[in-house]
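Chemist: Quick one, structure08.cif (mmCIF, C-alpha atoms and all ligand atoms):
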```
data_input
#
loop_
_atom_site.group_PDB
_atom_site.id
_atom_site.type_symbol
_atom_site.label_atom_id
_atom_site.label_comp_id
_atom_site.auth_asym_id
_atom_site.auth_seq_id
_atom_site.Cartn_x
_atom_site.Cartn_y
_atom_site.Cartn_z
ATOM 1 C CA MET X 1 -2.165 37.205 49.706
ATOM 2 C CA GLN X 2 0.418 38.063 47.008
ATOM 3 C CA GLN X 3 -0.944 37.941 43.453
ATOM 4 C CA LEU X 4 0.430 37.673 39.927
ATOM 5 C CA SER X 5 0.397 40.850 37.810
ATOM 6 C CA VAL X 6 -1.390 38.968 34.987
ATOM 7 C CA LYS X 7 -4.772 37.241 34.484
ATOM 8 C CA HIS X 8 -3.405 34.838 31.851
ATOM 9 C CA LEU X 9 -0.037 33.140 31.414
ATOM 10 C CA LEU X 10 0.435 33.836 27.701
ATOM 11 C CA GLY X 11 4.226 33.998 27.784
ATOM 12 C CA ILE X 12 7.194 34.884 29.959
ATOM 13 C CA LYS X 13 7.075 38.208 28.084
ATOM 14 C CA GLY X 14 4.616 40.135 30.229
ATOM 15 C CA LEU X 15 5.716 38.632 33.566
ATOM 16 C CA THR X 16 7.811 40.511 36.119
ATOM 17 C CA ARG X 17 10.689 39.101 38.144
ATOM 18 C CA ALA X 18 8.389 39.341 41.200
ATOM 19 C CA ASP X 19 5.803 37.173 39.354
ATOM 20 C CA ILE X 20 8.403 34.465 38.703
ATOM 21 C CA GLU X 21 9.675 34.578 42.286
ATOM 22 C CA LEU X 22 6.075 34.248 43.552
ATOM 23 C CA ILE X 23 5.518 31.246 41.234
ATOM 24 C CA PHE X 24 8.743 29.639 42.543
ATOM 25 C CA GLU X 25 7.853 30.197 46.223
ATOM 26 C CA THR X 26 4.375 28.746 45.613
ATOM 27 C CA ALA X 27 5.899 25.801 43.697
ATOM 28 C CA ASP X 28 8.258 25.136 46.640
ATOM 29 C CA THR X 29 5.187 24.579 48.834
ATOM 30 C CA PHE X 30 3.462 22.388 46.252
ATOM 31 C CA LYS X 31 6.624 20.336 45.706
ATOM 32 C CA GLU X 32 6.601 19.574 49.420
ATOM 33 C CA VAL X 33 2.943 18.469 49.097
ATOM 34 C CA LEU X 34 3.861 16.209 46.152
ATOM 35 C CA ASN X 35 6.406 14.393 48.319
ATOM 36 C CA ARG X 36 3.860 13.619 51.060
ATOM 37 C CA PRO X 37 1.990 10.265 51.201
ATOM 38 C CA ILE X 38 -1.255 12.197 50.440
ATOM 39 C CA LYS X 39 -0.307 14.327 47.432
ATOM 40 C CA LYS X 40 -3.538 16.273 47.141
ATOM 41 C CA VAL X 41 -4.777 19.667 48.390
ATOM 42 C CA PRO X 42 -8.246 21.252 47.991
ATOM 43 C CA SER X 43 -6.905 24.564 46.584
ATOM 44 C CA LEU X 44 -8.856 24.473 43.258
ATOM 45 C CA ARG X 45 -11.820 22.396 44.438
ATOM 46 C CA ASP X 46 -14.410 24.738 42.849
ATOM 47 C CA ILE X 47 -12.539 25.256 39.570
ATOM 48 C CA THR X 48 -13.042 23.428 36.266
ATOM 49 C CA VAL X 49 -10.107 23.370 33.822
ATOM 50 C CA ALA X 50 -10.102 22.305 30.161
ATOM 51 C CA ASN X 51 -6.865 21.070 28.591
ATOM 52 C CA VAL X 52 -7.262 21.999 24.927
ATOM 53 C CA PHE X 53 -4.490 20.477 22.824
ATOM 54 C CA PHE X 54 -4.276 21.097 19.071
ATOM 55 C CA GLU X 55 -0.717 19.650 18.933
ATOM 56 C CA ASN X 56 0.833 16.459 20.257
ATOM 57 C CA SER X 57 2.217 16.372 23.790
ATOM 58 C CA THR X 58 3.275 13.837 26.406
ATOM 59 C CA ARG X 59 4.926 15.728 29.283
ATOM 60 C CA THR X 60 3.020 19.021 29.197
ATOM 61 C CA ARG X 61 -0.466 17.518 28.904
ATOM 62 C CA LEU X 62 0.047 14.849 31.561
ATOM 63 C CA SER X 63 1.823 17.295 33.850
ATOM 64 C CA PHE X 64 -1.009 19.849 33.627
ATOM 65 C CA GLU X 65 -3.643 17.163 34.183
ATOM 66 C CA LEU X 66 -1.822 15.735 37.175
ATOM 67 C CA ALA X 67 -1.288 19.248 38.598
ATOM 68 C CA GLN X 68 -5.031 19.948 38.242
ATOM 69 C CA LYS X 69 -5.943 16.677 39.960
ATOM 70 C CA ARG X 70 -3.446 17.307 42.789
ATOM 71 C CA LEU X 71 -5.209 20.674 43.312
ATOM 72 C CA SER X 72 -8.644 18.933 43.338
ATOM 73 C CA ALA X 73 -9.877 20.782 40.218
ATOM 74 C CA ASP X 74 -12.400 19.205 37.852
ATOM 75 C CA VAL X 75 -10.675 18.386 34.546
ATOM 76 C CA ILE X 76 -11.805 17.868 30.964
ATOM 77 C CA ASN X 77 -9.476 17.027 28.077
ATOM 78 C CA PHE X 78 -9.863 18.026 24.446
ATOM 79 C CA SER X 79 -7.729 16.715 21.610
ATOM 80 C CA SER X 80 -8.222 18.313 18.185
ATOM 81 C CA SER X 81 -7.506 15.079 16.280
ATOM 82 C CA SER X 82 -10.746 13.504 17.550
ATOM 83 C CA SER X 83 -12.900 16.670 17.674
ATOM 84 C CA SER X 84 -15.269 18.712 15.530
ATOM 85 C CA VAL X 85 -12.306 20.901 14.508
ATOM 86 C CA LYS X 86 -11.959 18.214 11.844
ATOM 87 C CA LYS X 87 -15.406 19.309 10.559
ATOM 88 C CA GLY X 88 -14.294 22.928 10.196
ATOM 89 C CA GLU X 89 -15.145 24.471 13.602
ATOM 90 C CA THR X 90 -13.073 27.570 14.410
ATOM 91 C CA LEU X 91 -10.755 27.940 17.414
ATOM 92 C CA LEU X 92 -12.998 30.586 18.993
ATOM 93 C CA ASP X 93 -16.203 28.559 18.462
ATOM 94 C CA THR X 94 -14.515 25.471 19.919
ATOM 95 C CA VAL X 95 -13.339 27.331 23.023
ATOM 96 C CA ASN X 96 -16.635 29.213 23.491
ATOM 97 C CA ASN X 97 -18.512 25.894 23.375
ATOM 98 C CA ILE X 98 -16.185 24.472 26.031
ATOM 99 C CA LEU X 99 -16.660 27.603 28.174
ATOM 100 C CA ALA X 100 -20.464 27.340 27.821
ATOM 101 C CA MET X 101 -20.152 24.175 29.930
ATOM 102 C CA LYS X 102 -19.011 26.436 32.839
ATOM 103 C CA VAL X 103 -15.259 25.977 32.490
ATOM 104 C CA ASP X 104 -13.097 28.479 34.421
ATOM 105 C CA MET X 105 -9.628 28.000 32.932
ATOM 106 C CA ILE X 106 -8.234 26.953 29.544
ATOM 107 C CA VAL X 107 -4.806 25.345 29.127
ATOM 108 C CA MET X 108 -4.049 25.432 25.409
ATOM 109 C CA ARG X 109 -1.368 24.133 23.071
ATOM 110 C CA HIS X 110 -1.678 25.286 19.462
ATOM 111 C CA SER X 111 0.596 25.263 16.413
ATOM 112 C CA SER X 112 -0.130 28.932 15.593
ATOM 113 C CA PRO X 113 2.051 31.532 17.349
ATOM 114 C CA GLY X 114 -0.164 34.086 19.107
ATOM 115 C CA SER X 115 -3.289 31.897 19.306
ATOM 116 C CA PRO X 116 -3.585 32.175 23.145
ATOM 117 C CA HIS X 117 -3.117 35.964 22.832
ATOM 118 C CA PHE X 118 -5.980 36.033 20.293
ATOM 119 C CA LEU X 119 -8.201 34.004 22.651
ATOM 120 C CA ALA X 120 -7.390 36.318 25.572
ATOM 121 C CA LYS X 121 -9.010 39.196 23.642
ATOM 122 C CA HIS X 122 -12.275 37.274 23.256
ATOM 123 C CA ILE X 123 -12.890 35.198 26.406
ATOM 124 C CA LYS X 124 -13.124 35.868 30.138
ATOM 125 C CA ALA X 125 -11.641 32.595 31.477
ATOM 126 C CA ASN X 126 -7.983 32.391 32.559
ATOM 127 C CA ILE X 127 -5.724 31.084 29.764
ATOM 128 C CA VAL X 128 -2.450 29.218 30.179
ATOM 129 C CA ASN X 129 -0.269 28.905 27.082
ATOM 130 C CA ALA X 130 1.033 25.323 26.934
ATOM 131 C CA GLY X 131 3.070 26.108 23.789
ATOM 132 C CA ASP X 132 2.066 28.240 20.775
ATOM 133 C CA GLY X 133 3.948 27.128 17.681
ATOM 134 C CA THR X 134 7.488 28.490 17.543
ATOM 135 C CA HIS X 135 6.643 31.369 19.920
ATOM 136 C CA GLU X 136 6.556 30.645 23.690
ATOM 137 C CA HIS X 137 6.259 27.755 26.153
ATOM 138 C CA PRO X 138 6.168 29.652 29.454
ATOM 139 C CA THR X 139 5.606 26.793 31.920
ATOM 140 C CA GLN X 140 8.564 24.903 30.373
ATOM 141 C CA ALA X 141 10.826 27.923 30.943
ATOM 142 C CA LEU X 142 9.541 28.302 34.498
ATOM 143 C CA LEU X 143 10.203 24.649 35.332
ATOM 144 C CA ASP X 144 13.626 24.870 33.657
ATOM 145 C CA ALA X 145 14.641 27.931 35.695
ATOM 146 C CA PHE X 146 13.149 26.375 38.859
ATOM 147 C CA SER X 147 15.272 23.242 38.236
ATOM 148 C CA ILE X 148 18.433 25.372 37.797
ATOM 149 C CA ARG X 149 17.616 27.173 41.082
ATOM 150 C CA GLU X 150 17.149 23.795 42.794
ATOM 151 C CA GLU X 151 20.430 22.398 41.412
ATOM 152 C CA HIS X 152 22.608 25.517 41.730
ATOM 153 C CA GLY X 153 20.988 27.427 44.636
ATOM 154 C CA GLU X 154 20.071 30.420 42.466
ATOM 155 C CA VAL X 155 19.630 31.425 38.824
ATOM 156 C CA ALA X 156 21.207 34.885 39.095
ATOM 157 C CA GLY X 157 24.801 34.899 37.845
ATOM 158 C CA LYS X 158 24.614 31.424 36.278
ATOM 159 C CA LYS X 159 25.781 30.891 32.701
ATOM 160 C CA VAL X 160 23.216 28.975 30.643
ATOM 161 C CA ALA X 161 23.871 27.765 27.080
ATOM 162 C CA ILE X 162 20.807 26.853 25.011
ATOM 163 C CA ILE X 163 22.046 24.481 22.319
ATOM 164 C CA GLY X 164 20.332 23.223 19.145
ATOM 165 C CA ASP X 165 17.415 24.294 16.974
ATOM 166 C CA ILE X 166 16.869 27.805 18.328
ATOM 167 C CA LEU X 167 15.034 28.966 15.181
ATOM 168 C CA HIS X 168 11.997 26.712 15.671
ATOM 169 C CA SER X 169 12.027 26.560 19.473
ATOM 170 C CA ARG X 170 9.401 28.102 21.737
ATOM 171 C CA VAL X 171 11.379 26.703 24.669
ATOM 172 C CA ALA X 172 14.434 28.772 23.652
ATOM 173 C CA LEU X 173 12.554 32.077 23.511
ATOM 174 C CA SER X 174 10.729 31.557 26.826
ATOM 175 C CA ASN X 175 13.972 30.387 28.476
ATOM 176 C CA ILE X 176 15.859 33.470 27.244
ATOM 177 C CA PHE X 177 13.180 35.796 28.684
ATOM 178 C CA ALA X 178 12.924 33.935 32.016
ATOM 179 C CA LEU X 179 16.663 33.474 32.582
ATOM 180 C CA GLN X 180 17.439 37.110 31.775
ATOM 181 C CA LEU X 181 14.649 38.333 34.109
ATOM 182 C CA LEU X 182 16.217 36.244 36.867
ATOM 183 C CA GLY X 183 19.735 37.572 36.215
ATOM 184 C CA ALA X 184 21.399 34.664 34.377
ATOM 185 C CA GLU X 185 23.785 35.080 31.424
ATOM 186 C CA VAL X 186 22.442 33.346 28.309
ATOM 187 C CA MET X 187 24.254 31.970 25.269
ATOM 188 C CA VAL X 188 22.689 30.274 22.258
ATOM 189 C CA CYS X 189 24.619 27.740 20.193
ATOM 190 C CA GLY X 190 23.771 25.862 17.007
ATOM 191 C CA PRO X 191 24.374 25.818 13.271
ATOM 192 C CA ILE X 192 24.047 29.362 11.873
ATOM 193 C CA THR X 193 21.032 28.227 9.817
ATOM 194 C CA LEU X 194 19.184 27.302 13.034
ATOM 195 C CA LEU X 195 19.785 30.658 14.775
ATOM 196 C CA PRO X 196 17.209 33.413 14.103
ATOM 197 C CA LYS X 197 18.637 36.554 12.439
ATOM 198 C CA TYR X 198 17.298 38.772 15.296
ATOM 199 C CA ILE X 199 18.886 36.657 18.054
ATOM 200 C CA LYS X 200 21.608 39.153 19.097
ATOM 201 C CA GLU X 201 18.922 41.800 19.661
ATOM 202 C CA LEU X 202 17.720 39.669 22.588
ATOM 203 C CA GLY X 203 20.985 40.359 24.428
ATOM 204 C CA VAL X 204 22.321 36.784 24.307
ATOM 205 C CA LYS X 205 25.812 35.592 23.424
ATOM 206 C CA VAL X 206 26.047 33.570 20.192
ATOM 207 C CA GLU X 207 28.466 30.653 19.715
ATOM 208 C CA LEU X 208 28.699 28.267 16.768
ATOM 209 C CA ASP X 209 31.172 25.838 18.388
ATOM 210 C CA VAL X 210 29.454 23.463 20.798
ATOM 211 C CA ARG X 211 32.654 22.647 22.740
ATOM 212 C CA LYS X 212 33.255 26.368 23.411
ATOM 213 C CA ALA X 213 29.630 26.773 24.535
ATOM 214 C CA LEU X 214 29.940 23.824 26.935
ATOM 215 C CA GLN X 215 33.287 25.116 28.252
ATOM 216 C CA TRP X 216 31.656 28.517 28.981
ATOM 217 C CA CYS X 217 28.440 27.418 30.685
ATOM 218 C CA ASP X 218 27.312 26.098 34.064
ATOM 219 C CA VAL X 219 24.163 24.635 32.515
ATOM 220 C CA ALA X 220 23.535 23.321 28.983
ATOM 221 C CA ASN X 221 19.860 23.220 27.945
ATOM 222 C CA VAL X 222 19.911 20.945 24.889
ATOM 223 C CA LEU X 223 17.062 21.224 22.371
ATOM 224 C CA ARG X 224 15.593 18.838 19.860
ATOM 225 C CA ILE X 225 15.832 19.347 16.097
ATOM 226 C CA GLN X 226 12.194 20.128 15.244
ATOM 227 C CA LEU X 227 11.948 18.375 11.885
ATOM 228 C CA GLU X 228 8.139 18.741 11.923
ATOM 229 C CA ARG X 229 8.511 22.552 11.654
ATOM 230 C CA GLN X 230 11.236 22.507 8.975
ATOM 231 C CA GLN X 231 9.980 22.931 5.402
ATOM 232 C CA ILE X 232 13.514 23.154 3.976
ATOM 233 C CA LYS X 233 16.837 21.496 4.878
ATOM 234 C CA TYR X 234 18.812 23.517 7.444
ATOM 235 C CA PHE X 235 21.755 21.056 7.625
ATOM 236 C CA PRO X 236 22.921 18.184 5.400
ATOM 237 C CA SER X 237 21.844 15.211 7.553
ATOM 238 C CA LEU X 238 21.020 14.204 11.124
ATOM 239 C CA ARG X 239 24.263 12.217 11.146
ATOM 240 C CA GLU X 240 26.226 15.366 10.369
ATOM 241 C CA TYR X 241 24.285 17.381 12.955
ATOM 242 C CA SER X 242 25.092 14.757 15.566
ATOM 243 C CA LEU X 243 28.764 14.781 14.577
ATOM 244 C CA TYR X 244 29.140 18.564 15.016
ATOM 245 C CA TYR X 245 26.499 19.437 17.632
ATOM 246 C CA GLY X 246 25.675 16.159 19.382
ATOM 247 C CA ILE X 247 26.632 16.038 23.082
ATOM 248 C CA ASN X 248 27.984 12.801 24.525
ATOM 249 C CA LYS X 249 29.577 11.728 27.815
ATOM 250 C CA LYS X 250 33.105 11.798 26.377
ATOM 251 C CA LEU X 251 32.645 15.469 25.443
ATOM 252 C CA LEU X 252 31.201 16.287 28.881
ATOM 253 C CA ASP X 253 34.060 14.470 30.656
ATOM 254 C CA SER X 254 36.637 16.383 28.613
ATOM 255 C CA LEU X 255 35.480 19.779 29.998
ATOM 256 C CA ASP X 256 37.373 21.626 32.757
ATOM 257 C CA LYS X 257 34.348 21.529 35.104
ATOM 258 C CA LYS X 258 31.212 19.482 35.652
ATOM 259 C CA ILE X 259 28.214 21.098 33.980
ATOM 260 C CA THR X 260 24.494 20.384 34.324
ATOM 261 C CA VAL X 261 22.675 18.957 31.295
ATOM 262 C CA MET X 262 18.992 19.700 30.728
ATOM 263 C CA HIS X 263 16.532 18.845 27.948
ATOM 264 C CA PRO X 264 12.830 19.779 27.722
ATOM 265 C CA GLY X 265 12.003 16.496 25.955
ATOM 266 C CA PRO X 266 11.213 14.624 23.860
ATOM 267 C CA ILE X 267 14.872 13.608 23.363
ATOM 268 C CA ASN X 268 16.081 12.366 19.992
ATOM 269 C CA ARG X 269 18.635 10.001 21.496
ATOM 270 C CA GLY X 270 21.784 9.814 19.410
ATOM 271 C CA VAL X 271 21.061 13.088 17.599
ATOM 272 C CA GLU X 272 21.367 16.109 19.954
ATOM 273 C CA LEU X 273 22.176 14.001 23.022
ATOM 274 C CA SER X 274 23.661 10.511 23.372
ATOM 275 C CA SER X 275 22.150 8.045 25.843
ATOM 276 C CA ASP X 276 25.338 8.023 27.934
ATOM 277 C CA ALA X 277 25.000 11.813 28.382
ATOM 278 C CA ALA X 278 21.197 11.865 28.848
ATOM 279 C CA ASP X 279 21.379 9.189 31.542
ATOM 280 C CA SER X 280 24.599 10.434 33.212
ATOM 281 C CA ASP X 281 24.965 12.195 36.561
ATOM 282 C CA HIS X 282 25.238 15.487 34.638
ATOM 283 C CA SER X 283 21.576 15.150 33.652
ATOM 284 C CA ILE X 284 18.643 16.647 35.598
ATOM 285 C CA ILE X 285 16.158 15.849 32.824
ATOM 286 C CA LEU X 286 13.775 13.808 34.991
ATOM 287 C CA ASN X 287 14.022 16.409 37.806
ATOM 288 C CA GLN X 288 12.704 18.912 35.231
ATOM 289 C CA VAL X 289 9.713 16.647 34.570
ATOM 290 C CA GLU X 290 9.075 16.218 38.315
ATOM 291 C CA ASN X 291 9.293 19.986 38.892
ATOM 292 C CA GLY X 292 6.861 20.613 36.031
ATOM 293 C CA VAL X 293 3.943 19.385 38.132
ATOM 294 C CA ALA X 294 4.730 21.725 41.071
ATOM 295 C CA ILE X 295 5.297 24.692 38.734
ATOM 296 C CA ARG X 296 2.001 24.090 36.901
ATOM 297 C CA MET X 297 0.147 23.711 40.217
ATOM 298 C CA ALA X 298 1.597 27.076 41.280
ATOM 299 C CA VAL X 299 0.706 28.805 37.997
ATOM 300 C CA MET X 300 -2.915 27.585 37.965
ATOM 301 C CA TYR X 301 -3.423 28.214 41.695
ATOM 302 C CA LEU X 302 -2.141 31.799 41.386
ATOM 303 C CA LEU X 303 -4.042 32.575 38.145
ATOM 304 C CA ALA X 304 -7.286 31.319 39.689
ATOM 305 C CA GLN X 305 -7.052 34.192 42.240
ATOM 306 C CA ASN X 306 -7.033 36.829 39.413
HETATM 307 N N1 LIG J 401 8.588 19.623 26.786
HETATM 308 C C1 LIG J 401 7.431 19.421 26.127
HETATM 309 O O1 LIG J 401 6.701 20.367 25.809
HETATM 310 O O2 LIG J 401 7.139 18.109 25.904
HETATM 311 P P1 LIG J 401 5.772 17.593 25.235
HETATM 312 O O3 LIG J 401 5.767 18.080 23.801
HETATM 313 O O4 LIG J 401 5.815 16.094 25.363
HETATM 314 O O5 LIG J 401 4.645 18.197 26.016
#
```
Could you write out this structure as structure tokens?
Modeler:
Amino acid sequence: MQQLSVKHLLGIKGLTRADIELIFETADTFKEVLNRPIKKVPSLRDITVANVFFENSTRTRLSFELAQKRLSADVINFSSSSSSVKKGETLLDTVNNILAMKVDMIVMRHSSPGSPHFLAKHIKANIVNAGDGTHEHPTQALLDAFSIREEHGEVAGKKVAIIGDILHSRVALSNIFALQLLGAEVMVCGPITLLPKYIKELGVKVELDVRKALQWCDVANVLRIQLERQQIKYFPSLREYSLYYGINKKLLDSLDKKITVMHPGPINRGVELSSDAADSDHSIILNQVENGVAIRMAVMYLLAQN
């Protein structure tokens, strides 16, 4: 059996192209399972997984839990807001107490960049990073690239524009790494204040004009303005952001070709994306959500072998 080169999925950084291709081939099989009347396989029947979330989530948490249940794993859920973290317990103590209950795998979302990497140095269980602050969100990038492959046949050679708040986005960084590994061309677009200073060092094109970015790309991955991570004002108002960077159906229809619109969610409708664009036939946003379950099944199934 083919295996991943890693014990943990801490980020796309650290994966090889062969790892991603193996995850995609495995996800193809699981997607087929998910479309059968009986959507369950016994692949992780002897495995117990803890979903440890220190930050809010809808899609990622539900998608991981559903993926675990489809694989017949035993599942426990931890949410920091109702836990003893509130009484001062450390991250490592919290996780070690969960592992003492004979848990095999930890899926963790945390607001601190690098927290899953810290855990990996101290625990034996497999770790899946479900988003660490502004750093990485590897399963989101995998499901995004998988959705592009599904829509366009392959990722290699495709032009992907990532548009919006790049500075605070873990999705942007993981997408850049994954798309480049798979041979896509990547552009980032947004107000200059929302582009990190080091961005060109990552080998991406940079564009400040959203129309030019849309005209260039085959796929636009539109990101949310992450107000919860912004301590200062990066642009005058949401209204102004929407005016200059918001994508609507009229703008999409005015392009020379039909492009694919993606969004990792949650969408701020009327800010980065209008409803008529989000719900148009350009959009594969709900396909991304559907593919997330198959991708997460593949990741956990493969990691459990290592
Ligand atoms: N895409 C994403 O991470 O969504 P949630 O924050 O709802 O999990």
Chemist: Quick one: which residues end up in the PyMOL selection byres (((chain X and resi 245) around 9) and not hetatm) for this structure, as a compact mmCIF listing (two decimals) with C-alpha atoms, in the coordinates of the input?
Modeler:
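Now in part.txt:
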```txt
# COMPACT_ATOMS: atom_id res chain seq x y z
CA ILE X 163 22.05 24.48 22.32
CA GLY X 164 20.33 23.22 19.14
CA CYS X 189 24.62 27.74 20.19
CA GLY X 190 23.77 25.86 17.01
CA PRO X 191 24.37 25.82 13.27
CA ASP X 209 31.17 25.84 18.39
CA VAL X 210 29.45 23.46 20.80
CA ARG X 211 32.65 22.65 22.74
CA GLU X 240 26.23 15.37 10.37
CA TYR X 241 24.28 17.38 12.96
CA SER X 242 25.09 14.76 15.57
CA LEU X 243 28.76 14.78 14.58
CA TYR X 244 29.14 18.56 15.02
CA GLY X 246 25.68 16.16 19.38
CA ILE X 247 26.63 16.04 23.08
CA VAL X 271 21.06 13.09 17.60
CA GLU X 272 21.37 16.11 19.95
CA LEU X 273 22.18 14.00 23.02
```
Chemist: Counting all atoms listed in the file, name the residues that have an atom within 7 Å of an atom of ligand LIG 401 (chain J); the answer should be given as a PyMOL selection string.
Modeler: chain X and resi 56-61+140+264-266
Chemist: For Gln288 in chain X, work out the shell of residues within 7 Å, counting only C-alpha atoms and skipping chain neighbours fewer than 5 positions away, then give it as a list in words.
Modeler: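 These residues fall inside the cut-off: Leu143, Asp144 and Ser147 of chain X.
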Chemist: Please save C-alpha atoms of the selected residues as a compact mmCIF listing (two decimals), in the coordinates of the input.
Modeler:
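again17.txt, freshly written:
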```txt
# COMPACT_ATOMS: atom_id res chain seq x y z
CA LEU X 143 10.20 24.65 35.33
CA ASP X 144 13.63 24.87 33.66
CA SER X 147 15.27 23.24 38.24
```
Chemist: Counting only C-alpha atoms, write as a PDB file with C-alpha atoms, keeping the file's coordinate frame all protein and nucleic acid residues lying at most 6 Å from (-12.5, 25.0, 34.2) in the file's frame.
Modeler:
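So point_22.pdb came out as:
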```
ATOM      1  CA  ILE X  47     -12.539  25.256  39.570  1.00  0.00           C
ATOM      2  CA  THR X  48     -13.042  23.428  36.266  1.00  0.00           C
ATOM      3  CA  VAL X  49     -10.107  23.370  33.822  1.00  0.00           C
ATOM      4  CA  ALA X  50     -10.102  22.305  30.161  1.00  0.00           C
ATOM      5  CA  VAL X 103     -15.259  25.977  32.490  1.00  0.00           C
ATOM      6  CA  ASP X 104     -13.097  28.479  34.421  1.00  0.00           C
ATOM      7  CA  MET X 105      -9.628  28.000  32.932  1.00  0.00           C
TER       8      MET X 105
END
```
Chemist: Could you give me, as a list in words, the residues within 12 Å of Ser83 in chain X, counting all atoms listed in the file and dropping anything in the same chain fewer than 4 positions from it?
Modeler: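 Returned residues: Val52, Phe53, Phe54, Asn77, Phe78, Ser79, Lys87, Gly88, Glu89, Thr90, Leu91, Thr94, Val95 and Ile98 of chain X.
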Chemist: What would the selection look like, as a list of chain:residue names, if the PyMOL selection byres (((chain X and resi 157) around 12) and not hetatm) were run on the coordinates I just shared?
Modeler: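 This file gives the following for the PyMOL selection byres (((chain X and resi 157) around 12) and not hetatm): X:Ile148, X:Arg149, X:His152, X:Gly153, X:Glu154, X:Val155, X:Ala156, X:Lys158, X:Lys159, X:Val160, X:Leu179, X:Gln180, X:Leu181, X:Leu182, X:Gly183, X:Ala184, X:Glu185, X:Val186, X:Cys217, X:Asp218, X:Val219.
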Chemist: Once the PyMOL selection byres (((chain X and resi 123) around 9) and not hetatm) has been evaluated on this model, what residues remain selected, and can you format them as a ChimeraX atom specification?
Modeler: /X:92,95-96,99,119-122,124-127
Chemist: Counting all atoms listed in the file, figure out which residue out of X:Ile199, X:Ala27, X:Met262, X:Val289 gets nearest to Ile166 in chain X.
Modeler: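 Ranked by minimum distance to Ile166 in chain X, first place goes to X:Ile199.
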Chemist: Taking 6 positions as the minimum chain separation for residues in the same chain, which residues sit within 7 Å of His168 in chain X when counting all atoms listed in the file? Answer as a list in words.
Modeler: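 Returned residues: Thr134, Gln226 and Arg229 of chain X.
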